[in-house]
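Working notes for the structure below.
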Amino acid sequence: MTNLKEINVGVVGHIDHGKTTLLSRLTRKFADTHSEELKRGITIKLGYAEVIISKDGDEFTNEKRGTPERYVSFIDAPGHEMLMATMLSGAAIIDSAILVIAANEGIKPQTKEHFMALQAKGIKNIIIVQNKIDLVTKERALENYKTIKDFVKGTIAENSPVIPISAQQNVNIDKLLEMLTELPVPVRDETKNPVFLIARSFDINRPGTKIKDIHGGVLGGILKQGKLKVGDSIEIKPGLSTKKNNQFTYSPLTTKIISLHKGSDSVDEVLPGASISIETELDPFMTRTDSLTGSVCSIEGVLPDITYKTKIKTELFKEVLGEETKKQVEELKTTEMLMLSVNTTITVGTVEKISGDEVEMNLNIPIVALEGDNVGIARNVGGHWRLIGFGEITK
């Protein structure tokens with residue numbers, strides 16, 4: 001199992017197009033575990049699930065039989081327009097994506113916005129799933145297929161496969177499993193200093209746990225480069241935020257790795273690849289309710305100082321996505337407020353200076369600025385943050 005190729009795949013698309021149901025078919029696990037998500041029937045936070053895909057004869061399966069082919073870690077991103085920031089955080093930690101489009105509804109505003117978010121985050125390997133084919137006629141399914149092909153023409157997904165599926169009826173799930181084994185595995189550098197992107201943080205202790213049985217705070221996310229092992233001294237930045245006199249301050253944290261987990265398995269060392277969780281010596285109070293989400297982790301003394309200023313080389317889209325009516329993206333202006341997605345961090349800042357396609361910004365929430373990191377750029381349009389472009393940190 002340790003020699004299996006690993007890949008992180010995001011499941012994205014418009015709300016109610018069947019992303020979470022599809023994921024439960026692929027992995028035999030229901031990713032919406034947050035209580036509010038279960039009540040409302042939508043994904044609010046990033047969901048995680050993983051599967052080992054095996055080949056048994058000519059069949060690809062997620063059952064424990066045959067020869068293991070690929071370890072896939074899935075990130076289920078929310079489809080609701082109000083949760084775009086969370087979706088962008090998810091896009092920061094994936095290698096490839098499944099774009100889910102319901103055959104009975106077709107391409108919706110958030111379908112377009114999520115598709116462009118994949119472009120903003122540099123995701124080029126995409127599988128398109130035409131879901132809910134059991135709800136439409138053959139003619140409607142073919143019409144929907146043609147619309148999808150027209151939508152992706154001339155884009156990064158022009159040659160992406162389109163797989164007709166019914167997640168509810170378990171139709172063609174095996175074909176999707178097969179396609180997942182064919183996705184290219186990105187080249188990862190394990191010789192560099194580790195960079196671990198924190199997408200979730202937890203207190204996994206149940207109420208009433210005895211003191212001797214209490215686990216330290218847990219971090220969930222992706223190791224982008226380098227390697228980590230049990231016993232390593234690590235540093236987390238920006239770290240813990242505290243509010244005093246109506247202002248937030250950020251305190252980097254240092255701790256040790258107690259244990260490492262990949263899915264349900266404990267390991268002694270992790271290399272860049274599928275999503276992992278790290279149990280630390282931190283007081284679990286510090287990691288509860290995603291309080292460290294958006295932070296970056298590495299071995300102690302490696303990460304640059306957090307910064308409230310950044311320079312970004314930008315590229316704007318032609319039109320605002322997520323709106324029912326078409327709107328052109330206006331040029332950036334000094335003093336305007338923008339939302340930035342940097343790795344798993346979401347911050348808001350003010351444009352201070354514009355020089356051609358490069359902007360300098362003052363940030364309300366600090367970031368760990370790693371040169372070359374990809375940035376999603378959103379603007380407040382009609383009371384909603386809308387993705388208008390992407391960029392790259394230059395300083």
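Each chain of the structure tokens is named A, B, ... in the order shown, its residues numbered from 1; ligands are numbered from 1 in display order.
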Per-residue DSSP, segment 47-163 of chain A, filtered to strand (DSSP E or B), as number ranges by chain: A: 47-56, 59-61, 67-76, 96-102, 125-131, 162-163
May I have the residues within 6 Å of Glu50 of chain A as a ChimeraX atom specification, using only C-alpha atoms and disregarding those fewer than 2 positions away in the same chain? /A:72-74
Leaving out Val51 of chain A and any residue of its chain fewer than 5 positions from it, which residues lie within 10 Å of it when counting only C-alpha atoms, given as a JSON list (two decimals) with C-alpha atoms, in the first residue's frame?
[["chain", "number", "residue", "atom", "x", "y", "z"],
["A", 26, "LEU", "CA", -17.18, 6.52, -4.60],
["A", 27, "THR", "CA", -15.90, 6.08, -1.06],
["A", 28, "ARG", "CA", -18.73, 4.39, 0.89],
["A", 29, "LYS", "CA", -18.52, 7.31, 3.30],
["A", 61, "THR", "CA", -13.88, -1.24, -7.73],
["A", 62, "ASN", "CA", -13.81, 0.48, -4.32],
["A", 63, "GLU", "CA", -14.25, -2.87, -2.58],
["A", 70, "ARG", "CA", -4.66, 4.22, -6.71],
["A", 71, "TYR", "CA", -5.18, 5.98, -3.36],
["A", 72, "VAL", "CA", -7.57, 8.88, -3.87],
["A", 73, "SER", "CA", -8.27, 11.55, -1.28],
["A", 74, "PHE", "CA", -11.45, 13.54, -2.00],
["A", 177, "LEU", "CA", -13.36, 4.89, -10.67],
["A", 263, "GLY", "CA", -7.24, 7.89, 6.27]]
Residues near segment 306-312 of chain A, cut-off 12 Å, only C-alpha atoms, skip fewer than 6 positions along chain, as a PyMOL selection string: chain A and resi 236-239+249-252+295-296+340-342+347-377+389-395
Output as an MDAnalysis selection string all residues of segment 118-188 of chain A that backbone DSSP marks as alpha helix (DSSP H). chainID A and resid 118:120 138:152 173:182
Write out the residues from the selection above, keeping C-alpha atoms, as a PDB file, in the first residue's frame.
ATOM      1  CA  LEU A 118     -10.385  25.671 -10.767  1.00  0.00           C
ATOM      2  CA  GLN A 119      -8.656  27.761 -13.424  1.00  0.00           C
ATOM      3  CA  ALA A 120      -7.768  30.403 -10.825  1.00  0.00           C
ATOM      4  CA  LYS A 138     -32.243  10.158 -23.526  1.00  0.00           C
ATOM      5  CA  GLU A 139     -32.873  13.192 -25.755  1.00  0.00           C
ATOM      6  CA  ARG A 140     -32.552  15.607 -22.835  1.00  0.00           C
ATOM      7  CA  ALA A 141     -29.346  13.894 -21.666  1.00  0.00           C
ATOM      8  CA  LEU A 142     -27.800  14.248 -25.145  1.00  0.00           C
ATOM      9  CA  GLU A 143     -28.861  17.887 -25.322  1.00  0.00           C
ATOM     10  CA  ASN A 144     -27.310  18.492 -21.910  1.00  0.00           C
ATOM     11  CA  TYR A 145     -24.109  16.738 -23.047  1.00  0.00           C
ATOM     12  CA  LYS A 146     -23.856  19.058 -26.077  1.00  0.00           C
ATOM     13  CA  THR A 147     -24.336  22.101 -23.815  1.00  0.00           C
ATOM     14  CA  ILE A 148     -21.499  20.883 -21.571  1.00  0.00           C
ATOM     15  CA  LYS A 149     -19.159  20.385 -24.552  1.00  0.00           C
ATOM     16  CA  ASP A 150     -19.973  23.896 -25.814  1.00  0.00           C
ATOM     17  CA  PHE A 151     -19.353  25.303 -22.319  1.00  0.00           C
ATOM     18  CA  VAL A 152     -15.830  23.841 -22.041  1.00  0.00           C
ATOM     19  CA  ILE A 173     -19.619   4.635 -10.841  1.00  0.00           C
ATOM     20  CA  ASP A 174     -17.172   1.944 -11.991  1.00  0.00           C
ATOM     21  CA  LYS A 175     -16.368   4.006 -15.103  1.00  0.00           C
ATOM     22  CA  LEU A 176     -15.577   7.021 -12.931  1.00  0.00           C
ATOM     23  CA  LEU A 177     -13.363   4.894 -10.671  1.00  0.00           C
ATOM     24  CA  GLU A 178     -11.461   3.750 -13.755  1.00  0.00           C
ATOM     25  CA  MET A 179     -11.043   7.345 -14.971  1.00  0.00           C
ATOM     26  CA  LEU A 180      -9.701   8.363 -11.543  1.00  0.00           C
ATOM     27  CA  THR A 181      -6.880   5.822 -11.886  1.00  0.00           C
ATOM     28  CA  GLU A 182      -5.854   7.503 -15.149  1.00  0.00           C
TER      29      GLU A 182
END
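Counting only C-alpha atoms and comparing A:Ile278, A:Gly154, A:Pro161, A:Ala103, the residue that lies closest to Thr137 of chain A is A:Ala103.
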Measuring atom to atom with only C-alpha atoms, identify which of A:Asn8, A:Thr111, A:Gln247, A:Thr334 is nearest to Pro184 of chain A.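 Smallest distance to Pro184 of chain A is found for A:Asn8.
Closest to Asn172 of chain A among A:Thr344, A:Thr155, A:Ser291, A:Asn131 is A:Asn131, based on only C-alpha atoms.
Atom CA of Asp189 of chain A sits 22.8 Å away from atom CA of Lys256 of chain A.
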Shell of 8 Å around segment 124-129 of chain A, only C-alpha atoms, local chain residues under 4 positions omitted, as a PyMOL selection string: chain A and resi 95-101+118-119+156-157+160-165+179+183-184
With N, CA and C atoms kept, could you save the residues just selected as a JSON list (two decimals), in the first residue's frame?
[["chain", "number", "residue", "atom", "x", "y", "z"],
["A", 95, "ASP", "N", -5.27, 18.29, -6.61],
["A", 95, "ASP", "CA", -4.46, 18.11, -7.82],
["A", 95, "ASP", "C", -5.34, 18.07, -9.06],
["A", 96, "SER", "N", -6.53, 17.50, -8.92],
["A", 96, "SER", "CA", -7.47, 17.32, -10.02],
["A", 96, "SER", "C", -8.87, 17.56, -9.48],
["A", 97, "ALA", "N", -9.86, 17.53, -10.38],
["A", 97, "ALA", "CA", -11.23, 17.81, -9.92],
["A", 97, "ALA", "C", -12.26, 17.02, -10.71],
["A", 98, "ILE", "N", -13.37, 16.75, -10.02],
["A", 98, "ILE", "CA", -14.59, 16.25, -10.66],
["A", 98, "ILE", "C", -15.59, 17.41, -10.64],
["A", 99, "LEU", "N", -16.00, 17.86, -11.82],
["A", 99, "LEU", "CA", -17.01, 18.92, -11.93],
["A", 99, "LEU", "C", -18.35, 18.25, -12.16],
["A", 100, "VAL", "N", -19.27, 18.40, -11.20],
["A", 100, "VAL", "CA", -20.56, 17.73, -11.25],
["A", 100, "VAL", "C", -21.62, 18.68, -11.83],
["A", 101, "ILE", "N", -22.30, 18.21, -12.88],
["A", 101, "ILE", "CA", -23.36, 18.99, -13.53],
["A", 101, "ILE", "C", -24.59, 18.10, -13.64],
["A", 118, "LEU", "N", -11.38, 26.70, -10.48],
["A", 118, "LEU", "CA", -10.38, 25.67, -10.77],
["A", 118, "LEU", "C", -9.27, 26.26, -11.63],
["A", 119, "GLN", "N", -9.66, 27.09, -12.60],
["A", 119, "GLN", "CA", -8.66, 27.76, -13.42],
["A", 119, "GLN", "C", -7.81, 28.70, -12.57],
["A", 156, "ILE", "N", -9.52, 24.94, -20.39],
["A", 156, "ILE", "CA", -8.63, 23.90, -19.87],
["A", 156, "ILE", "C", -9.29, 22.53, -19.90],
["A", 157, "ALA", "N", -10.63, 22.49, -19.95],
["A", 157, "ALA", "CA", -11.36, 21.22, -19.89],
["A", 157, "ALA", "C", -11.93, 20.81, -21.24],
["A", 160, "SER", "N", -11.66, 17.19, -21.66],
["A", 160, "SER", "CA", -11.99, 16.39, -20.47],
["A", 160, "SER", "C", -13.10, 15.40, -20.78],
["A", 161, "PRO", "N", -13.03, 14.21, -20.20],
["A", 161, "PRO", "CA", -14.12, 13.24, -20.41],
["A", 161, "PRO", "C", -15.40, 13.69, -19.72],
["A", 162, "VAL", "N", -16.53, 13.37, -20.33],
["A", 162, "VAL", "CA", -17.85, 13.64, -19.73],
["A", 162, "VAL", "C", -18.50, 12.28, -19.48],
["A", 163, "ILE", "N", -18.71, 11.94, -18.21],
["A", 163, "ILE", "CA", -19.24, 10.61, -17.87],
["A", 163, "ILE", "C", -20.68, 10.75, -17.37],
["A", 164, "PRO", "N", -21.65, 10.14, -18.09],
["A", 164, "PRO", "CA", -23.04, 10.15, -17.60],
["A", 164, "PRO", "C", -23.19, 9.22, -16.41],
["A", 165, "ILE", "N", -23.82, 9.72, -15.35],
["A", 165, "ILE", "CA", -23.86, 8.97, -14.09],
["A", 165, "ILE", "C", -25.21, 9.19, -13.39],
["A", 179, "MET", "N", -11.59, 6.07, -14.50],
["A", 179, "MET", "CA", -11.04, 7.35, -14.97],
["A", 179, "MET", "C", -10.15, 7.98, -13.91],
["A", 183, "LEU", "N", -5.89, 9.62, -13.95],
["A", 183, "LEU", "CA", -5.47, 11.02, -13.73],
["A", 183, "LEU", "C", -3.97, 11.07, -13.45],
["A", 184, "PRO", "N", -3.26, 12.03, -14.04],
["A", 184, "PRO", "CA", -1.82, 12.13, -13.80],
["A", 184, "PRO", "C", -1.51, 12.52, -12.36]]
So which one's closest to Ser201 of chain A, A:Asp305, A:Glu69, A:Asp290, A:Asp56? Using only C-alpha atoms, please. A:Asp290
Separation of atom CA of Val171 of chain A from atom CA of Gly66 of chain A, in Å and rounded to one decimal: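 The value is 20.8 Å.
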Which one of A:Lys229, A:His114, A:Lys224, A:Lys326 sits closest to Val270 of chain A if you count only C-alpha atoms?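 Result for the nearest residue to Val270 of chain A: A:Lys229.
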In Å to one decimal, how far is atom CA of Val12 of chain A from atom CA of Asp76 of chain A?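 Taking atom CA of Asp76 of chain A as the start and atom CA of Val12 of chain A as the end point, the length is 6.8 Å.
Nearest to Ser233 of chain A of all the residues A:Ser275, A:Gln168, A:Ser298, A:Ser24 is A:Ser298, counting only C-alpha atoms.
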Excluding same-chain residues fewer than 3 positions from Ala378 of chain A, what lies within 12 Å of it counting only C-alpha atoms, as a compact mmCIF listing (two decimals) with C-alpha atoms, in the first residue's frame?
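Saved to selection11.txt:
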# COMPACT_ATOMS: atom_id res chain seq x y z
CA MET A 84 -17.40 30.50 -2.28
CA ALA A 85 -14.52 31.31 0.07
CA LEU A 88 -11.57 28.34 -2.93
CA GLU A 113 -17.94 30.13 -10.94
CA MET A 116 -13.30 29.31 -13.20
CA ALA A 117 -12.13 28.84 -9.60
CA ALA A 120 -7.77 30.40 -10.83
CA THR A 314 -3.04 39.60 -11.51
CA GLU A 315 -5.08 38.27 -14.40
CA LEU A 316 -8.76 39.27 -14.51
CA PHE A 317 -11.62 37.38 -16.13
CA VAL A 320 -18.21 38.39 -13.41
CA LEU A 321 -19.10 34.79 -12.63
CA GLY A 322 -21.96 33.55 -10.47
CA VAL A 329 -15.14 42.76 -14.87
CA LEU A 332 -9.04 47.17 -10.26
CA GLU A 336 -11.12 49.17 -3.25
CA MET A 337 -11.63 46.11 -1.06
CA LEU A 338 -10.92 42.62 -2.44
CA MET A 339 -11.13 39.12 -1.01
CA LEU A 340 -8.07 36.94 -1.61
CA SER A 341 -7.74 33.18 -1.36
CA VAL A 342 -4.10 32.24 -0.66
CA ILE A 346 -9.08 33.70 3.10
CA THR A 347 -8.27 37.35 3.72
CA VAL A 348 -9.67 40.74 2.79
CA GLY A 349 -7.50 43.69 1.86
CA VAL A 375 -4.23 33.57 -5.43
CA VAL A 381 -20.74 42.54 -6.35
CA GLY A 383 -23.53 42.06 -1.66
CA HIS A 384 -21.80 38.80 -2.68
CA TRP A 385 -18.12 38.00 -3.14
CA ARG A 386 -17.68 37.09 -6.80
CA LEU A 387 -14.55 35.59 -8.32
CA ILE A 388 -13.13 38.07 -10.84
CA GLY A 389 -9.64 36.70 -11.51
CA PHE A 390 -6.53 35.08 -10.17
CA GLY A 391 -2.90 35.94 -9.56
